[in-house]
Amino acid sequence: MHGLLTADYDFDLPPELIAQAPLARRDASRLMVLDRAAGTIEHRTFSDLPTLLTPGDLLIVNRSRVVKARLLGIRVGSGAPAEVFLLQPLGDGRYEALVSPGGKLKPGRVVQFAPGFTAEIVEVTERRTRIVQLRTELPASDVEQAIDAHGHTPLPPYIARADDASDLDRYQTIYAREAGSVAAPTAGLHFTPELLAALDARGVRRGEVVLHVGAGTFKPVEVDDPAEHRMHEERYVIPDATAQALVETRAAGGRVWAVGTTTVRTLESAAEPDRTVRAGEGETRIFIRPPARLRVADALVTNFHLPRSTLIMLVAAVAGYDLTMRAYREAIAERYRFYSYGDAMAVL
């Protein structure tokens, strides 16, 4: 069976197909539509999405909000540049973080981001990240406000430019609310208020979950057997209203649409054998890949992902390995735009 080894998910992507900036309009992106039953691939525009859903379907989105996790500063003492990339809050101004240059930022070193806003390196973790203590003396400011004032949008490493003011808006879904992600749930970036209104008018219900995306989402699978890959943990919340909407949609014969791999992972992490979902919160390390099959979502909206990534493996678990890789070959041939600011795919 194909799709069981990491090498099965290798492909050559021309660098110019990696989208470096968003399109002028969110829903102007292209939408590749995969029909699993027919084995067909169709080329549409994202604004066509409402025509693919039917009244009574349920669309579930991840409302996590991206934080300005990238802090750029100087090392106190030497004045040399340094970066602290916040991964997750630990309470009382302490964060787990990635730092650069790693060799220089040992426990006890301090990085200054602005007058009165610093990070002290407290310890090195088993996975070579750092625990940092953020401190602020800025007037009328707590640590979160200081991060918001001086942090940078954490654009992915394959976007080869500095962040600018437009990324504050465009590297964020229009329905984002709870802050906590260090990478956007990018399938949701294509939605506009008009598109959501069109879905509402069509009789499509909408549910929300929260999964705070960690930096591990970009980590390639570096072992030959994906079963040996260690997933990063991510925090999630499933509201009672979403769990109830799932029950009602199933009872009425509607389909469940997951917007993004983060939404799929959230739903599957709390799925019961009868395909219902437990409301509540928790942490997940779930890794969905062939030959697994989804228990909750009937359809998926997603972007185009990196080679050898856990995300393309998840898509293969939904669409099937052969159809997924055929779709990626066709996307390259048709010059689709890839990754966070790129085009989208719908798997029916």
# chains A, B, ... in the order shown; residues from 1 in each chain; ligands from 1
>>> residues_around(residues="segment 129-135 of chain A", least_positions_apart="2", cutoff="9 Å", atoms="only C-alpha atoms", output="VMD selection string")
chain A and resid 84 86 90 92 to 99 102 105 to 107 116 to 127 137 142 to 143
>>> residues_around(residues="Thr51 of chain A", least_positions_apart="2", cutoff="10 Å", atoms="only C-alpha atoms", output="short mmCIF file (atom, residue, chain, number, x, y, z; two decimals) with N, CA and C atoms, in the first residue's frame")
data_model
loop_
_atom_site.label_atom_id
_atom_site.label_comp_id
_atom_site.auth_asym_id
_atom_site.auth_seq_id
_atom_site.Cartn_x
_atom_site.Cartn_y
_atom_site.Cartn_z
N SER A 47 -14.58 31.57 -4.13
CA SER A 47 -15.90 32.18 -3.97
C SER A 47 -17.03 31.25 -4.41
N ASP A 48 -16.68 30.15 -5.11
CA ASP A 48 -17.68 29.14 -5.50
C ASP A 48 -18.02 28.18 -4.37
N LEU A 49 -17.30 28.25 -3.26
CA LEU A 49 -17.46 27.25 -2.20
C LEU A 49 -18.92 27.03 -1.78
N LEU A 53 -21.78 23.20 -0.93
CA LEU A 53 -22.48 22.80 0.29
C LEU A 53 -23.98 22.81 0.05
N THR A 54 -24.70 22.04 0.83
CA THR A 54 -26.15 21.98 0.70
C THR A 54 -26.81 22.41 2.01
N ALA A 198 -23.21 34.26 2.30
CA ALA A 198 -23.76 33.40 1.25
C ALA A 198 -24.00 31.99 1.78
N LEU A 199 -23.13 31.51 2.66
CA LEU A 199 -23.32 30.20 3.28
C LEU A 199 -24.54 30.22 4.20
N ARG A 202 -27.65 30.07 2.29
CA ARG A 202 -27.87 28.75 1.68
C ARG A 202 -28.40 27.74 2.70
#
>>> closest_atom_pairs(of="segment 25-116 of chain A", to="segment 147-171 of chain A", cutoff="7 Å", atoms="only C-alpha atoms", output="CSV")
residue,atom,partner,partner_atom,distance
A:Lys68,CA,A:Thr153,CA,4.7
A:Ala69,CA,A:Pro154,CA,5.8
A:Arg70,CA,A:His152,CA,5.0
A:Leu71,CA,A:Gly151,CA,4.9
>>> closest_residue(among="A:Val67, A:Val264, A:Leu59, A:Ala184", to="Leu87 of chain A", atoms="only C-alpha atoms")
A:Val67
>>> atom_distance(atom1="atom CA of Pro50 of chain A", atom2="atom CA of Asn62 of chain A")
18.2 Å
>>> residues_around(residues="Pro55 of chain A", least_positions_apart="6", cutoff="12 Å", atoms="only C-alpha atoms", output="JSON, numbers by chain")
{"A": [198, 199, 200, 201, 202, 203, 204, 205, 206, 249, 252, 253, 254, 255, 256]}
>>> select_by_dssp(residues="segment 49-224 of chain A", states="strand (DSSP E)", output="PyMOL selection string")
chain A and resi 58-62+64-66+70-75+81-91+94-100+110-114+117-124+130-136+178-181+205-211
>>> residues_around(residues="Val61 of chain A", least_positions_apart="3", cutoff="7 Å", atoms="only C-alpha atoms", output="list in words")
Gly207, Glu208, Val209, Ala258, Val259 and Thr263 of chain A
>>> closest_residue(among="A:Ala197, A:Leu58, A:Val111, A:Leu294", to="Val247 of chain A", atoms="only C-alpha atoms")
A:Leu58
>>> residues_around(residues="segment 300-312 of chain A", least_positions_apart="5", cutoff="9 Å", atoms="only C-alpha atoms", output="ChimeraX atom specification")
/A:6-13,186-188,217-222,226,231,256-261,264,287-289,317-319,324,328,331,336-348
>>> select_by_dssp(residues="segment 171-343 of chain A", states="helix (DSSP H, G or I)", output="PyMOL selection string")
chain A and resi 186-190+193-201+215-218+226-228+240-251+261-269+310-319+321-333
>>> closest_atom_pairs(of="segment 40-111 of chain A", to="segment 24-36 of chain A", cutoff="7 Å", atoms="only C-alpha atoms", output="CSV")
residue,atom,partner,partner_atom,distance
A:Thr40,CA,A:Asp35,CA,5.3
A:Ile41,CA,A:Leu34,CA,4.8
A:Glu42,CA,A:Val33,CA,5.0
A:His43,CA,A:Met32,CA,4.8
A:Arg44,CA,A:Leu31,CA,4.9
A:Thr45,CA,A:Arg30,CA,4.3
A:Phe46,CA,A:Leu31,CA,4.9
A:Ser47,CA,A:Asp27,CA,5.2
>>> write_last_selection(atoms="N, CA and C atoms", output="compact mmCIF listing (two decimals), in the first residue's frame")
# COMPACT_ATOMS: atom_id res chain seq x y z
N THR A 40 -12.38 12.45 -9.39
CA THR A 40 -12.17 13.57 -10.31
C THR A 40 -11.56 14.78 -9.61
N ILE A 41 -10.95 15.63 -10.43
CA ILE A 41 -10.36 16.89 -9.97
C ILE A 41 -10.94 18.01 -10.82
N GLU A 42 -11.46 19.03 -10.15
CA GLU A 42 -12.08 20.15 -10.85
C GLU A 42 -11.44 21.44 -10.36
N HIS A 43 -11.35 22.44 -11.24
CA HIS A 43 -10.72 23.70 -10.89
C HIS A 43 -11.77 24.80 -10.80
N ARG A 44 -11.89 25.38 -9.60
CA ARG A 44 -12.89 26.41 -9.35
C ARG A 44 -12.21 27.61 -8.67
N THR A 45 -13.02 28.55 -8.21
CA THR A 45 -12.56 29.70 -7.43
C THR A 45 -13.15 29.58 -6.04
N PHE A 46 -12.43 30.08 -5.02
CA PHE A 46 -12.90 29.88 -3.66
C PHE A 46 -14.27 30.49 -3.43
N SER A 47 -14.58 31.57 -4.13
CA SER A 47 -15.90 32.18 -3.97
C SER A 47 -17.03 31.25 -4.41
>>> residues_around(residues="Ala82 of chain A", least_positions_apart="2", cutoff="7 Å", atoms="only C-alpha atoms", output="list in words")
Leu72, Gly73, Ile74, Arg75, Ala80, Val84, Ser100, Pro101 and Val111 of chain A
>>> write_last_selection(atoms="N, CA, C and O atoms", output="PDB file, in the first residue's frame")
ATOM      1  N   LEU A  72      11.836  40.604  18.247  1.00  0.00           N
ATOM      2  CA  LEU A  72      13.177  40.914  17.744  1.00  0.00           C
ATOM      3  C   LEU A  72      13.818  41.943  18.659  1.00  0.00           C
ATOM      4  O   LEU A  72      13.206  42.966  18.986  1.00  0.00           O
ATOM      5  N   GLY A  73      15.051  41.672  19.083  1.00  0.00           N
ATOM      6  CA  GLY A  73      15.708  42.590  19.997  1.00  0.00           C
ATOM      7  C   GLY A  73      17.210  42.497  19.926  1.00  0.00           C
ATOM      8  O   GLY A  73      17.784  42.029  18.937  1.00  0.00           O
ATOM      9  N   ILE A  74      17.841  42.949  21.002  1.00  0.00           N
ATOM     10  CA  ILE A  74      19.305  42.899  21.095  1.00  0.00           C
ATOM     11  C   ILE A  74      19.694  42.243  22.414  1.00  0.00           C
ATOM     12  O   ILE A  74      18.968  42.318  23.410  1.00  0.00           O
ATOM     13  N   ARG A  75      20.860  41.593  22.421  1.00  0.00           N
ATOM     14  CA  ARG A  75      21.353  40.962  23.636  1.00  0.00           C
ATOM     15  C   ARG A  75      21.936  42.034  24.547  1.00  0.00           C
ATOM     16  O   ARG A  75      22.782  42.831  24.119  1.00  0.00           O
ATOM     17  N   ALA A  80      24.255  42.654  20.277  1.00  0.00           N
ATOM     18  CA  ALA A  80      24.075  41.868  19.054  1.00  0.00           C
ATOM     19  C   ALA A  80      22.598  41.497  18.892  1.00  0.00           C
ATOM     20  O   ALA A  80      21.869  41.357  19.874  1.00  0.00           O
ATOM     21  N   VAL A  84      13.443  35.999  19.870  1.00  0.00           N
ATOM     22  CA  VAL A  84      12.723  35.077  20.748  1.00  0.00           C
ATOM     23  C   VAL A  84      11.366  34.818  20.094  1.00  0.00           C
ATOM     24  O   VAL A  84      10.599  35.752  19.863  1.00  0.00           O
ATOM     25  N   SER A 100      17.201  32.604  18.935  1.00  0.00           N
ATOM     26  CA  SER A 100      18.303  32.682  17.977  1.00  0.00           C
ATOM     27  C   SER A 100      19.144  33.918  18.317  1.00  0.00           C
ATOM     28  O   SER A 100      18.578  34.983  18.555  1.00  0.00           O
ATOM     29  N   PRO A 101      20.478  33.771  18.377  1.00  0.00           N
ATOM     30  CA  PRO A 101      21.259  32.553  18.154  1.00  0.00           C
ATOM     31  C   PRO A 101      21.255  31.641  19.385  1.00  0.00           C
ATOM     32  O   PRO A 101      21.545  32.089  20.491  1.00  0.00           O
ATOM     33  N   VAL A 111      17.535  39.532  26.746  1.00  0.00           N
ATOM     34  CA  VAL A 111      17.303  40.172  25.447  1.00  0.00           C
ATOM     35  C   VAL A 111      16.339  41.333  25.672  1.00  0.00           C
ATOM     36  O   VAL A 111      15.319  41.190  26.350  1.00  0.00           O
TER      37      VAL A 111
END
>>> closest_residue(among="A:Leu267, A:Leu52, A:Met325, A:Leu4", to="Ala297 of chain A", atoms="only C-alpha atoms")
A:Leu267
>>> closest_residue(among="A:Pro15, A:Gly214, A:Gly77, A:Gly180", to="Arg63 of chain A", atoms="only C-alpha atoms")
A:Gly180
>>> atom_distance(atom1="atom CA of Arg177 of chain A", atom2="atom CA of Ser64 of chain A")
5.9 Å
